[in-house]
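J.: Quick one, start_21.txt (compact mmCIF, C-alpha atoms):
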```txt
# COMPACT_ATOMS: atom_id res chain seq x y z
CA MET A 1 -3.13 132.14 144.87
CA PRO A 2 0.47 133.23 145.36
CA THR A 3 3.10 130.68 144.54
CA LEU A 4 3.48 128.14 147.30
CA ASP A 5 6.99 127.91 148.66
CA PRO A 6 7.64 124.49 150.21
CA ALA A 7 11.06 125.55 151.56
CA ARG A 8 9.47 128.51 153.39
CA ASP A 9 6.59 126.42 154.72
CA LEU A 10 8.91 123.62 155.82
CA ALA A 11 11.07 126.17 157.68
CA ALA A 12 7.97 127.71 159.27
CA LEU A 13 6.67 124.34 160.43
CA SER A 14 10.09 123.51 161.84
CA ALA A 15 10.25 126.87 163.66
CA LEU A 16 6.79 126.27 165.09
CA GLN A 17 8.11 123.03 166.57
CA GLY A 18 10.54 125.20 168.55
CA THR A 19 7.61 127.27 169.81
CA ILE A 20 5.90 124.06 170.94
CA ASP A 21 9.04 123.09 172.87
CA ALA A 22 9.05 126.51 174.57
CA LEU A 23 5.39 126.14 175.51
CA LEU A 24 5.95 122.68 176.97
CA ALA A 25 8.59 124.15 179.28
CA LEU A 26 5.84 126.12 181.05
CA ASP A 27 4.15 124.90 184.23
CA ALA A 28 2.07 121.75 183.58
CA ASN A 29 -0.87 123.08 185.63
CA VAL A 30 -0.96 126.24 183.54
CA LEU A 31 -0.72 124.25 180.29
CA SER A 32 -3.62 121.98 181.26
CA THR A 33 -6.03 124.76 182.31
CA VAL A 34 -9.05 125.37 180.10
CA VAL A 35 -10.33 128.93 179.75
CA PRO A 36 -13.79 128.52 178.16
CA SER A 37 -14.01 132.19 177.21
CA VAL A 38 -10.95 131.68 174.99
CA SER A 39 -11.23 128.03 173.92
CA GLY A 40 -12.81 124.75 174.94
CA TRP A 41 -9.31 123.22 174.97
CA SER A 42 -6.32 123.88 177.16
CA ALA A 43 -3.02 124.98 175.62
CA GLU A 44 -1.79 121.42 176.11
CA GLN A 45 -4.79 120.04 174.22
CA HIS A 46 -4.12 122.43 171.33
CA ILE A 47 -0.54 121.15 171.22
CA ALA A 48 -1.75 117.54 171.31
CA HIS A 49 -4.18 118.27 168.48
CA VAL A 50 -1.37 119.78 166.40
CA ALA A 51 0.84 116.74 167.07
CA LEU A 52 -1.91 114.36 165.92
CA ALA A 53 -2.87 116.46 162.90
CA ASN A 54 0.73 116.89 161.80
CA GLU A 55 1.27 113.15 161.96
CA LEU A 56 -1.40 112.89 159.26
CA VAL A 57 -0.01 115.84 157.29
CA LEU A 58 3.43 114.22 157.22
CA ARG A 59 1.97 110.84 156.26
CA ASN A 60 0.07 112.51 153.41
CA LEU A 61 3.23 114.28 152.23
CA LYS A 62 5.15 111.01 152.16
CA SER A 63 2.37 109.27 150.21
CA LEU A 64 2.21 112.11 147.71
CA VAL A 65 5.99 112.13 147.21
CA LYS A 66 5.92 108.35 146.78
CA GLY A 67 3.02 108.71 144.34
CA SER A 68 0.83 106.12 146.02
CA GLY A 69 -1.08 105.46 149.16
CA MET A 70 -4.49 104.50 150.41
CA LEU A 71 -5.76 108.11 150.36
CA VAL A 72 -4.03 109.34 147.19
CA VAL A 73 -6.38 110.33 144.37
CA LYS A 74 -5.75 111.76 140.94
CA GLY A 75 -7.23 115.16 140.17
CA GLY A 76 -9.83 117.24 141.90
CA GLU A 77 -9.83 120.83 143.04
CA PRO A 78 -9.69 122.14 146.58
CA HIS A 79 -12.64 124.07 147.91
CA PRO A 80 -12.27 127.64 146.52
CA ARG A 81 -12.12 129.12 150.02
CA ALA A 82 -9.32 126.66 150.87
CA LEU A 83 -6.99 128.36 148.42
CA GLU A 84 -7.85 131.75 149.89
CA LEU A 85 -7.17 130.55 153.44
CA LEU A 86 -3.88 128.92 152.48
CA ALA A 87 -2.81 132.08 150.62
CA ALA A 88 -3.76 134.30 153.57
CA GLY A 89 -1.96 132.02 156.02
CA ARG A 90 -4.82 132.26 158.50
CA LEU A 91 -7.72 130.01 159.47
CA PRO A 92 -10.90 131.45 160.95
CA ARG A 93 -11.44 130.68 164.61
CA GLY A 94 -14.37 128.61 165.75
CA GLU A 95 -15.71 127.66 162.32
CA ALA A 96 -14.61 124.04 162.11
CA GLN A 97 -14.44 121.10 164.48
CA ALA A 98 -11.51 118.73 164.55
CA PRO A 99 -12.25 115.26 163.19
CA ARG A 100 -12.44 112.63 165.93
CA MET A 101 -9.10 111.05 164.97
CA VAL A 102 -7.18 114.24 165.78
CA ARG A 103 -9.14 115.44 168.80
CA PRO A 104 -6.97 115.60 171.89
CA PRO A 105 -7.79 113.47 174.90
CA GLU A 106 -9.57 115.09 177.84
CA ARG A 107 -6.45 114.56 179.93
CA VAL A 108 -3.21 114.71 177.98
CA GLU A 109 -0.52 112.25 179.08
CA ARG A 110 2.66 114.34 178.95
CA ALA A 111 5.00 111.43 178.12
CA LEU A 112 2.76 110.39 175.23
CA LEU A 113 2.52 113.97 173.95
CA VAL A 114 6.30 114.35 174.05
CA GLN A 115 6.65 111.09 172.11
CA TRP A 116 4.15 112.29 169.47
CA LEU A 117 6.08 115.53 169.11
CA GLU A 118 9.47 113.78 168.89
CA ASP A 119 8.09 111.40 166.25
CA GLY A 120 6.77 114.40 164.32
CA LYS A 121 10.12 116.22 164.46
CA ARG A 122 11.92 113.12 163.24
CA GLU A 123 9.48 112.70 160.33
CA LEU A 124 9.57 116.41 159.49
CA ALA A 125 13.37 116.22 159.21
CA THR A 126 13.01 113.60 156.45
CA ILE A 127 10.89 115.85 154.23
CA ASP A 128 12.72 117.33 151.24
CA ALA A 129 11.02 120.53 150.10
CA ALA A 130 12.33 119.98 146.55
CA GLN A 131 10.20 116.84 146.27
CA LEU A 132 7.00 118.72 147.11
CA VAL A 133 5.77 119.72 143.68
CA ALA A 134 2.44 120.67 142.17
CA SER A 135 0.76 117.52 140.95
CA GLU A 136 -2.48 115.91 139.93
CA LEU A 137 -1.91 113.52 142.84
CA LYS A 138 -3.79 114.69 145.90
CA VAL A 139 -5.05 113.59 149.27
CA PRO A 140 -8.48 114.91 150.29
CA HIS A 141 -8.80 117.06 153.40
CA GLN A 142 -12.20 116.65 155.09
CA ILE A 143 -13.06 120.36 154.72
CA LEU A 144 -10.58 121.86 152.26
CA GLY A 145 -10.95 119.16 149.60
CA PRO A 146 -8.17 117.50 147.58
CA LEU A 147 -4.74 119.02 148.28
CA ASP A 148 -1.43 118.32 146.58
CA ALA A 149 1.85 118.00 148.51
CA ARG A 150 2.65 121.73 148.48
CA GLN A 151 -0.86 122.56 149.67
CA TRP A 152 -0.69 119.93 152.44
CA LEU A 153 2.60 121.37 153.69
CA ARG A 154 1.14 124.87 153.61
CA PHE A 155 -1.88 123.62 155.54
CA GLY A 156 0.41 122.02 158.13
CA ALA A 157 2.23 125.31 158.76
CA VAL A 158 -0.93 127.45 158.78
CA HIS A 159 -2.92 125.01 160.94
CA THR A 160 -0.08 124.64 163.45
CA ARG A 161 0.31 128.39 163.79
CA HIS A 162 -3.48 128.78 164.15
CA HIS A 163 -3.58 126.42 167.14
CA LEU A 164 -0.42 127.80 168.74
CA VAL A 165 -1.87 131.31 168.63
CA ILE A 166 -4.97 130.00 170.44
CA ALA A 167 -2.78 128.09 172.92
CA CYS A 168 -0.85 131.30 173.66
CA ASP A 169 -4.13 133.20 174.11
CA VAL A 170 -5.26 130.54 176.61
CA LEU A 171 -1.94 130.77 178.46
CA ALA A 172 -2.08 134.56 178.56
CA SER A 173 -5.52 134.28 180.22
CA VAL A 174 -4.42 131.63 182.72
CA ALA A 175 -1.15 133.27 183.73
CA PRO A 176 -1.06 136.90 182.58
CA GLY A 177 2.47 137.39 183.94
CA ALA A 178 3.89 134.19 182.46
CA ARG A 179 6.47 134.42 179.71
CA VAL A 180 4.41 133.08 176.83
CA PRO A 181 6.47 132.74 173.65
CA GLN A 182 5.58 135.30 171.06
CA LEU A 183 4.52 133.90 167.70
CA VAL A 184 6.13 136.78 165.86
CA GLU A 185 4.50 135.95 162.57
CA LEU A 186 6.52 132.71 162.41
CA ALA A 187 4.23 131.35 159.81
CA SER A 188 2.89 134.59 158.47
CA GLY A 189 3.75 134.93 154.95
CA ALA A 190 2.92 131.38 155.94
```
Output the file's structure in the form of structure tokens.

T.:
Amino acid sequence: MPTLDPARDLAALSALQGTIDALLALDANVLSTVVPSVSGWSAEQHIAHVALANELVLRNLKSLVKGSGMLVVKGGEPHPRALELLAAGRLPRGEAQAPRMVRPPERVERALLVQWLEDGKRELATIDAAQLVASELKVPHQILGPLDARQWLRFGAVHTRHHLVIACDVLASVAPGARVPQLVELASGA
């Protein structure tokens, strides 16, 4: 696997937050429309899922930097395919289901979603890429296996981009003429 670059992945995740802000500026009815031929979730639900998942990613990063936490384990190897996916910067569509704790609600409350996103931005700003080092300390991911801090950050960037691409595909189907932000490989190389 190519060398992980926490500074690059932190910048990518931060840039993707800007894309989320641009998406949330679109019409609420468009954001909440589900297009089953593209995804079972609306663009807004994909954003909510990302907000919930990134809350866990950031919590895992903080535990790993601290060197302790309820989920921190010593040793273990990620699933071999996990390393390939993280290196490629792409997750396959439709192969995995979100764990219940990060599934978006059927109807997303906008104020709550905005609060989740603001909390995430605030937490993301406290992360120091220099502290994210390769380590025997890991937190297991339910599918990818035990990941260290650099791998968790990489996952956060890749996973966020994955869902924002789907959200943009949904939006393009709902409102073909709408100005949907382009995800110009923000997290590629990511």

J.: With distances taken over only C-alpha atoms, which of A:Arg59, A:Arg107, A:His79, A:Arg100 is nearest to A:Thr33?

T.: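 The shortest atom-to-atom distance to A:Thr33 comes from A:Arg107.
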
J.: To one decimal in Å, tell me the separation between atom CA of A:Val38 and atom CA of A:Leu13.

T.: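 So the answer is 24.0 Å.
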
J.: Looking at A:Ala134, A:Ala7, A:Val114, A:Leu85, which one is nearest to A:Ala25, with distances taken over all atoms listed in the file?

T.: A:Val114

J.: Give as a ChimeraX atom specification each residue that has an atom at most 10 Å from (-10.9, 117.7, 166.3) in the file, counting only C-alpha atoms.

T.: /A:46,49-50,52-53,96-104

J.: Between A:Asp27, A:Glu77, A:Glu44, A:Glu106, which is the closest to A:Ile166 once you count all atoms listed in the file?

T.: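 When distances to A:Ile166 are compared using all atoms listed in the file, the smallest one comes from A:Glu44.
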
J.: At a cut-off of 10 Å from (4.8, 122.7, 177.8) in the coordinates of the file, what residues are picked up using all atoms listed in the file, written as a list of chain:residue names?

T.: A:Thr19, A:Ile20, A:Asp21, A:Ala22, A:Leu23, A:Leu24, A:Ala25, A:Leu26, A:Asp27, A:Ala28, A:Asn29, A:Val30, A:Leu31, A:Ser32, A:Ala43, A:Glu44, A:Ile47, A:Arg110, A:Leu113, A:Val114

J.: Would you work out the distance separating atom CA of A:Ser14 from atom CA of A:Val73, expressed in Å to one decimal?

T.: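 Here the two named atoms are 27.4 Å from each other.
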
J.: Could you check the closest approach to A:Gly89 for each of A:Arg161, A:Lys66, A:Lys121, A:Arg8 and tell me which residue wins, using all atoms listed in the file?

T.: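 Smallest distance to A:Gly89 is found for A:Arg161.
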
J.: Can you measure atom CA of A:His141 to atom CA of A:Arg90 for me? One decimal in Å is fine.

T.: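 Taking atom CA of A:His141 and atom CA of A:Arg90, their separation equals 16.5 Å.
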
J.: Could you check the closest approach to A:Lys138 for each of A:Leu10, A:Leu71, A:Leu56, A:Leu4 and tell me which residue wins, using only C-alpha atoms?

T.: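 Using only C-alpha atoms, A:Lys138 sits closest to A:Leu71.
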
J.: Could you check the closest approach to A:Asn54 for each of A:Ala11, A:Leu86, A:Ala157, A:Leu137 and tell me which residue wins, using only C-alpha atoms?

T.: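 Among A:Ala11, A:Leu86, A:Ala157, A:Leu137, it is A:Ala157 that comes nearest to A:Asn54.
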
J.: Set the distance at 9 Å and use all atoms listed in the file: which residues neighbour A:Glu55 once local chain neighbours fewer than 6 positions away are removed? I'd like the list as a PDB file with C-alpha atoms, in the frame of the given file.

T.:
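Output file around_31.pdb follows:
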```pdb
ATOM      1  CA  TRP A 116       4.150 112.290 169.470  1.00  0.00           C
ATOM      2  CA  LEU A 117       6.080 115.530 169.110  1.00  0.00           C
ATOM      3  CA  ASP A 119       8.090 111.400 166.250  1.00  0.00           C
ATOM      4  CA  GLY A 120       6.770 114.400 164.320  1.00  0.00           C
ATOM      5  CA  GLU A 123       9.480 112.700 160.330  1.00  0.00           C
TER       6      GLU A 123
END
```

J.: Using the incomplete input, complete stretch 47-58 of chain A to the level of all heavy atoms; output as a PDB file, keeping the file's coordinate frame.

T.:
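So result_19.pdb came out as:
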```pdb
ATOM      1  N   ILE A  47      -1.815 121.728 171.647  1.00  0.00           N
ATOM      2  CA  ILE A  47      -0.540 121.150 171.220  1.00  0.00           C
ATOM      3  C   ILE A  47      -0.724 119.684 170.835  1.00  0.00           C
ATOM      4  O   ILE A  47      -0.180 119.227 169.823  1.00  0.00           O
ATOM      5  CB  ILE A  47       0.531 121.326 172.322  1.00  0.00           C
ATOM      6  CG1 ILE A  47       0.848 122.818 172.496  1.00  0.00           C
ATOM      7  CG2 ILE A  47       1.786 120.518 172.004  1.00  0.00           C
ATOM      8  CD1 ILE A  47       1.658 123.146 173.744  1.00  0.00           C
ATOM      9  N   ALA A  48      -1.497 118.950 171.625  1.00  0.00           N
ATOM     10  CA  ALA A  48      -1.750 117.540 171.310  1.00  0.00           C
ATOM     11  C   ALA A  48      -2.487 117.410 169.976  1.00  0.00           C
ATOM     12  O   ALA A  48      -2.164 116.534 169.160  1.00  0.00           O
ATOM     13  CB  ALA A  48      -2.554 116.881 172.434  1.00  0.00           C
ATOM     14  N   HIS A  49      -3.449 118.282 169.747  1.00  0.00           N
ATOM     15  CA  HIS A  49      -4.180 118.270 168.480  1.00  0.00           C
ATOM     16  C   HIS A  49      -3.229 118.501 167.310  1.00  0.00           C
ATOM     17  O   HIS A  49      -3.275 117.800 166.298  1.00  0.00           O
ATOM     18  CB  HIS A  49      -5.278 119.332 168.482  1.00  0.00           C
ATOM     19  CG  HIS A  49      -5.865 119.591 167.142  1.00  0.00           C
ATOM     20  ND1 HIS A  49      -6.634 118.661 166.457  1.00  0.00           N
ATOM     21  CD2 HIS A  49      -5.787 120.678 166.331  1.00  0.00           C
ATOM     22  CE1 HIS A  49      -6.993 119.168 165.294  1.00  0.00           C
ATOM     23  NE2 HIS A  49      -6.495 120.389 165.188  1.00  0.00           N
ATOM     24  N   VAL A  50      -2.343 119.476 167.453  1.00  0.00           N
ATOM     25  CA  VAL A  50      -1.370 119.780 166.400  1.00  0.00           C
ATOM     26  C   VAL A  50      -0.474 118.560 166.156  1.00  0.00           C
ATOM     27  O   VAL A  50      -0.187 118.214 165.003  1.00  0.00           O
ATOM     28  CB  VAL A  50      -0.545 121.025 166.779  1.00  0.00           C
ATOM     29  CG1 VAL A  50       0.726 121.129 165.972  1.00  0.00           C
ATOM     30  CG2 VAL A  50      -1.390 122.286 166.613  1.00  0.00           C
ATOM     31  N   ALA A  51      -0.029 117.915 167.226  1.00  0.00           N
ATOM     32  CA  ALA A  51       0.840 116.740 167.070  1.00  0.00           C
ATOM     33  C   ALA A  51       0.114 115.639 166.285  1.00  0.00           C
ATOM     34  O   ALA A  51       0.702 115.036 165.374  1.00  0.00           O
ATOM     35  CB  ALA A  51       1.277 116.219 168.443  1.00  0.00           C
ATOM     36  N   LEU A  52      -1.139 115.394 166.620  1.00  0.00           N
ATOM     37  CA  LEU A  52      -1.910 114.360 165.920  1.00  0.00           C
ATOM     38  C   LEU A  52      -2.188 114.750 164.471  1.00  0.00           C
ATOM     39  O   LEU A  52      -2.049 113.930 163.554  1.00  0.00           O
ATOM     40  CB  LEU A  52      -3.235 114.105 166.662  1.00  0.00           C
ATOM     41  CG  LEU A  52      -3.105 113.471 168.052  1.00  0.00           C
ATOM     42  CD1 LEU A  52      -4.444 113.524 168.778  1.00  0.00           C
ATOM     43  CD2 LEU A  52      -2.588 112.045 167.947  1.00  0.00           C
ATOM     44  N   ALA A  53      -2.565 115.997 164.260  1.00  0.00           N
ATOM     45  CA  ALA A  53      -2.870 116.460 162.900  1.00  0.00           C
ATOM     46  C   ALA A  53      -1.618 116.439 162.028  1.00  0.00           C
ATOM     47  O   ALA A  53      -1.666 116.018 160.862  1.00  0.00           O
ATOM     48  CB  ALA A  53      -3.482 117.863 162.939  1.00  0.00           C
ATOM     49  N   ASN A  54      -0.494 116.865 162.592  1.00  0.00           N
ATOM     50  CA  ASN A  54       0.730 116.890 161.800  1.00  0.00           C
ATOM     51  C   ASN A  54       1.244 115.497 161.471  1.00  0.00           C
ATOM     52  O   ASN A  54       1.898 115.309 160.444  1.00  0.00           O
ATOM     53  CB  ASN A  54       1.807 117.742 162.487  1.00  0.00           C
ATOM     54  CG  ASN A  54       1.535 119.221 162.312  1.00  0.00           C
ATOM     55  OD1 ASN A  54       0.705 119.622 161.499  1.00  0.00           O
ATOM     56  ND2 ASN A  54       2.228 120.030 163.080  1.00  0.00           N
ATOM     57  N   GLU A  55       0.930 114.534 162.308  1.00  0.00           N
ATOM     58  CA  GLU A  55       1.270 113.150 161.960  1.00  0.00           C
ATOM     59  C   GLU A  55       0.586 112.774 160.645  1.00  0.00           C
ATOM     60  O   GLU A  55       1.200 112.172 159.765  1.00  0.00           O
ATOM     61  CB  GLU A  55       0.829 112.203 163.077  1.00  0.00           C
ATOM     62  CG  GLU A  55       1.111 110.750 162.778  1.00  0.00           C
ATOM     63  CD  GLU A  55       0.622 109.812 163.869  1.00  0.00           C
ATOM     64  OE1 GLU A  55       0.369 110.266 165.008  1.00  0.00           O
ATOM     65  OE2 GLU A  55       0.491 108.617 163.575  1.00  0.00           O
ATOM     66  N   LEU A  56      -0.671 113.171 160.506  1.00  0.00           N
ATOM     67  CA  LEU A  56      -1.400 112.890 159.260  1.00  0.00           C
ATOM     68  C   LEU A  56      -0.870 113.721 158.104  1.00  0.00           C
ATOM     69  O   LEU A  56      -0.751 113.221 156.978  1.00  0.00           O
ATOM     70  CB  LEU A  56      -2.898 113.129 159.458  1.00  0.00           C
ATOM     71  CG  LEU A  56      -3.584 112.219 160.467  1.00  0.00           C
ATOM     72  CD1 LEU A  56      -5.047 112.597 160.611  1.00  0.00           C
ATOM     73  CD2 LEU A  56      -3.434 110.764 160.085  1.00  0.00           C
ATOM     74  N   VAL A  57      -0.566 114.989 158.348  1.00  0.00           N
ATOM     75  CA  VAL A  57      -0.010 115.840 157.290  1.00  0.00           C
ATOM     76  C   VAL A  57       1.269 115.210 156.747  1.00  0.00           C
ATOM     77  O   VAL A  57       1.446 115.085 155.529  1.00  0.00           O
ATOM     78  CB  VAL A  57       0.260 117.278 157.818  1.00  0.00           C
ATOM     79  CG1 VAL A  57       1.109 118.071 156.822  1.00  0.00           C
ATOM     80  CG2 VAL A  57      -1.046 118.011 158.107  1.00  0.00           C
ATOM     81  N   LEU A  58       2.157 114.799 157.647  1.00  0.00           N
ATOM     82  CA  LEU A  58       3.430 114.220 157.220  1.00  0.00           C
ATOM     83  C   LEU A  58       3.227 112.893 156.493  1.00  0.00           C
ATOM     84  O   LEU A  58       3.901 112.607 155.505  1.00  0.00           O
ATOM     85  CB  LEU A  58       4.360 114.063 158.421  1.00  0.00           C
ATOM     86  CG  LEU A  58       4.820 115.389 159.028  1.00  0.00           C
ATOM     87  CD1 LEU A  58       5.479 115.170 160.385  1.00  0.00           C
ATOM     88  CD2 LEU A  58       5.736 116.142 158.092  1.00  0.00           C
TER      89      LEU A  58
END
```
